[in-house]
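K.L.:
Dumping the structure here so I can ask a few things about it.
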Amino acid sequence: MTDRQLAPWIAAQTAQLLQQRGHAWLLYGPSGLGQFRLAMEVAAAWLCESVGTNGACGICPSCHSLRVHTHADLCVLMPETTMLQHGWPLSEKAQTEIDDKKRKPSREIRVDAMRDAVEFSQRTSARGRGKAVLVFPAEQMNAITANALLKTLEEPPGDVKFVLATESVHQLLPTIRSRCLGHAMLWPSTAAGQHWLQAHGVPATQSAMLLRTAGGRPDDALDYFVSGREVSAWSNVVQALARGEVAFFKEWPVSQMVNTLQMVCHDAMAQLAGAQPRFIAGDDWRGRPSWTGLSGWSQALMTTRRTMDHPYNAGLMLESLVAQAKTALNSRD
Ligand SMILES: [Zn+2]
């Protein structure tokens with residue numbers, strides 16, 4: 001996960017949340033709007049030693065230990081795969097089990113981790129500024145873990161605050177939702193989104209298109225841009241897709257795969273519409289896929305994007321994505 005500059009719309013929402021005295025927040029909205037980042041900013045502000053109205057100071061010892069992921073008063077409750085992806089340490093027990101190949105990192109928030117969190121919330125604060133528990137993505141709690149959290153939310157042990165973030169609020173137990181103050185993530189303006197993308201190295205000529213392809217979600221747009229740079233030989237990618245060669249994409253993370261497919265689909269549609277493709281040179285296309293085939297594919301990819309965060313079987317998912325691409329690219333009017 002790259003270290004991304006705090007977006008102005010996240011900063012504004014941090015200030016807004018800090019004005020209210022919630023001890024349990026639930027941040028919700030579709031992916032790519034920055035709920036994890038906002039949750040982290042809120043937790044940082046709760047623990048900061050010289051917090052201002054706009055949030056954490058960023059330089060005190062508390063802010064420092066938070067940044068290096070060693071804060072004793074912050075408990076981050078995430079699936080192990082998400083912990084690893086964001087560079088957060090696992091519990092010693094979990095790390096040993098994974099190192100010894102007894103099991104793979106979990107895609108779900110584990111019962112063991114929840115037990116540790118409950119124990120954490122009953123301990124005294126190490127730095128004397130209270131404690132914070134951050135849960136993300138909150139929909140990755142199963143019934144057992146959710147109920148354990150619920151008990152703690154109902155009778156919070158005093159100096160602990162909670163911030164839950166989700167990209168799929170309807171999957172949460174209604175009782176969890178009702179115990180938290182809800183905050184719907186705000187959509188940034190197009191201008192602010194483009195400006196932020198450019199500050200992260202996206203050329204001005206591409207920022208508008210990327211943001212549109214990502215449905216107005218700047219984080220997702222930046223992910224596209226990054227995977228576009230990672231794909232060196234577009235002609236091979238397009239050919240492998242048209243032939244349905246799953247092996248070509250073996251080991252590709254699902255998110256990168258979906259980003260790439262969206263770029264291919266976007267450019268195929270641009271090409272058909274007589275517009276300039278952004279990523280893939282014109283001569284990489286063989287044949288002219290049908291508009292109906294491509295627009296159906298584009299819709300399907302957007303749906304996948306909304307639900308792809310935690311595929312239970314990445315291999316099967318990859319296979320079906322490649323099959324879908326093959327059909328679309330070979331469709332004819
Ligand atoms: Zn601070």
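In the structure tokens, each chain is lettered A, B, ... as it comes, each chain's residues begin at 1, and ligands are numbered from 1 in order of appearance.
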Give the residue list for ligand 1 at 8 Å, counting only C-alpha atoms and all ligand atoms, as a list in words, sorted by chain and then by residue number.
P.N.:
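Here is the list of contacting residues: Ala44, Ala45, Leu47, Cys48, Glu49, Ser50, Val51, Ala56, Cys57, Gly58, Ile59, Cys60, Pro61, Ser62, Cys63 and His64 of chain A.
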K.L.:
Limited to N, CA and C atoms, could you put the picked residues into a file as a PDB file, in the first residue's frame?
P.N.:
```
ATOM      1  N   ALA A  44      -6.211   8.441  15.278  1.00  0.00           N
ATOM      2  CA  ALA A  44      -4.976   9.196  15.562  1.00  0.00           C
ATOM      3  C   ALA A  44      -5.307  10.438  16.393  1.00  0.00           C
ATOM      4  N   ALA A  45      -6.412  11.101  16.035  1.00  0.00           N
ATOM      5  CA  ALA A  45      -6.803  12.313  16.758  1.00  0.00           C
ATOM      6  C   ALA A  45      -7.198  11.979  18.194  1.00  0.00           C
ATOM      7  N   LEU A  47      -6.000   9.747  20.046  1.00  0.00           N
ATOM      8  CA  LEU A  47      -4.837   9.368  20.846  1.00  0.00           C
ATOM      9  C   LEU A  47      -3.750  10.449  20.880  1.00  0.00           C
ATOM     10  N   CYS A  48      -3.857  11.443  19.998  1.00  0.00           N
ATOM     11  CA  CYS A  48      -2.806  12.460  19.854  1.00  0.00           C
ATOM     12  C   CYS A  48      -2.623  13.272  21.133  1.00  0.00           C
ATOM     13  N   GLU A  49      -1.364  13.621  21.415  1.00  0.00           N
ATOM     14  CA  GLU A  49      -1.061  14.369  22.640  1.00  0.00           C
ATOM     15  C   GLU A  49      -1.249  15.867  22.473  1.00  0.00           C
ATOM     16  N   SER A  50      -1.315  16.361  21.250  1.00  0.00           N
ATOM     17  CA  SER A  50      -1.666  17.776  21.102  1.00  0.00           C
ATOM     18  C   SER A  50      -2.613  17.935  19.918  1.00  0.00           C
ATOM     19  N   VAL A  51      -3.771  17.330  20.102  1.00  0.00           N
ATOM     20  CA  VAL A  51      -4.760  17.308  19.034  1.00  0.00           C
ATOM     21  C   VAL A  51      -5.377  18.696  18.826  1.00  0.00           C
ATOM     22  N   ALA A  56      -5.202  15.064  14.403  1.00  0.00           N
ATOM     23  CA  ALA A  56      -3.935  14.766  15.072  1.00  0.00           C
ATOM     24  C   ALA A  56      -2.835  15.694  14.576  1.00  0.00           C
ATOM     25  N   CYS A  57      -1.837  15.935  15.464  1.00  0.00           N
ATOM     26  CA  CYS A  57      -0.774  16.884  15.108  1.00  0.00           C
ATOM     27  C   CYS A  57       0.215  16.270  14.121  1.00  0.00           C
ATOM     28  N   GLY A  58       0.374  14.959  14.185  1.00  0.00           N
ATOM     29  CA  GLY A  58       1.286  14.294  13.246  1.00  0.00           C
ATOM     30  C   GLY A  58       2.730  14.240  13.703  1.00  0.00           C
ATOM     31  N   ILE A  59       3.078  14.920  14.797  1.00  0.00           N
ATOM     32  CA  ILE A  59       4.492  14.936  15.192  1.00  0.00           C
ATOM     33  C   ILE A  59       4.755  14.485  16.634  1.00  0.00           C
ATOM     34  N   CYS A  60       3.711  14.362  17.449  1.00  0.00           N
ATOM     35  CA  CYS A  60       3.935  13.980  18.857  1.00  0.00           C
ATOM     36  C   CYS A  60       4.328  12.495  18.929  1.00  0.00           C
ATOM     37  N   PRO A  61       4.827  12.031  20.089  1.00  0.00           N
ATOM     38  CA  PRO A  61       5.212  10.617  20.215  1.00  0.00           C
ATOM     39  C   PRO A  61       4.063   9.654  19.886  1.00  0.00           C
ATOM     40  N   SER A  62       2.833  10.041  20.246  1.00  0.00           N
ATOM     41  CA  SER A  62       1.699   9.169  19.946  1.00  0.00           C
ATOM     42  C   SER A  62       1.499   9.048  18.439  1.00  0.00           C
ATOM     43  N   CYS A  63       1.506  10.192  17.747  1.00  0.00           N
ATOM     44  CA  CYS A  63       1.346  10.176  16.290  1.00  0.00           C
ATOM     45  C   CYS A  63       2.465   9.381  15.642  1.00  0.00           C
ATOM     46  N   HIS A  64       3.668   9.521  16.200  1.00  0.00           N
ATOM     47  CA  HIS A  64       4.802   8.793  15.629  1.00  0.00           C
ATOM     48  C   HIS A  64       4.609   7.285  15.775  1.00  0.00           C
TER      49      HIS A  64
END
```
K.L.:
Residues near Ala72 in chain A, anyone? I mean within 10 Å using only C-alpha atoms, not counting same-chain ones fewer than 5 positions away, as a PyMOL selection string.
P.N.:
chain A and resi 62+65-66+120+125-127+131-132
K.L.:
Taking 5 positions as the minimum chain separation for residues in the same chain, which residues sit within 7 Å of range 141-158 of chain A when counting only C-alpha atoms? Answer as a list in words.
P.N.:
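After dropping sequence-adjacent residues, the list is Glu108, Ile109, Val111, Met114, Val118, Ser121, Gln122, Ile176 and Arg179 of chain A.
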K.L.:
For Gln262 in chain A, which residue out of A:Leu241, A:Leu210, A:Ala191, A:Leu301 is the nearest one, using only C-alpha atoms?
P.N.:
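Between A:Leu241, A:Leu210, A:Ala191, A:Leu301, the residue approaching Gln262 in chain A most closely is A:Leu301.
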K.L.:
Name the residues of range 34-128 of chain A that fall into strand (DSSP E) according to DSSP on the backbone, using the chain letters and numbers of this document, as a ChimeraX atom specification.
P.N.:
/A:74-77
K.L.:
Mind checking DSSP for range 91-291 of chain A and telling me the helix (DSSP H, G or I) residues as a PyMOL selection string?
P.N.:
chain A and resi 92-99+111-122+138-140+143-154+169-171+174-179+190-199+204-213+218-230+234-243+246-249+254-272+282-284+291
K.L.:
Can you tell me which residues surround Glu80 in chain A at a distance of at most 9 Å, considering only C-alpha atoms, apart from same-chain residues fewer than 5 positions away, and format the answer as a list in words?
P.N.:
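Within the cut-off, the hits are Gln85, Trp88, Leu90, Ala94, Pro105, Ser106, Arg107, Glu108, Ile109 and Arg110 of chain A.
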K.L.:
Here is a test: counting only C-alpha atoms, which residue of A:Gln19, A:Asn236, A:Asn330, A:Gln13 is nearest to Leu38 in chain A?
P.N.:
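Closest to Leu38 in chain A of all the choices is A:Gln13.
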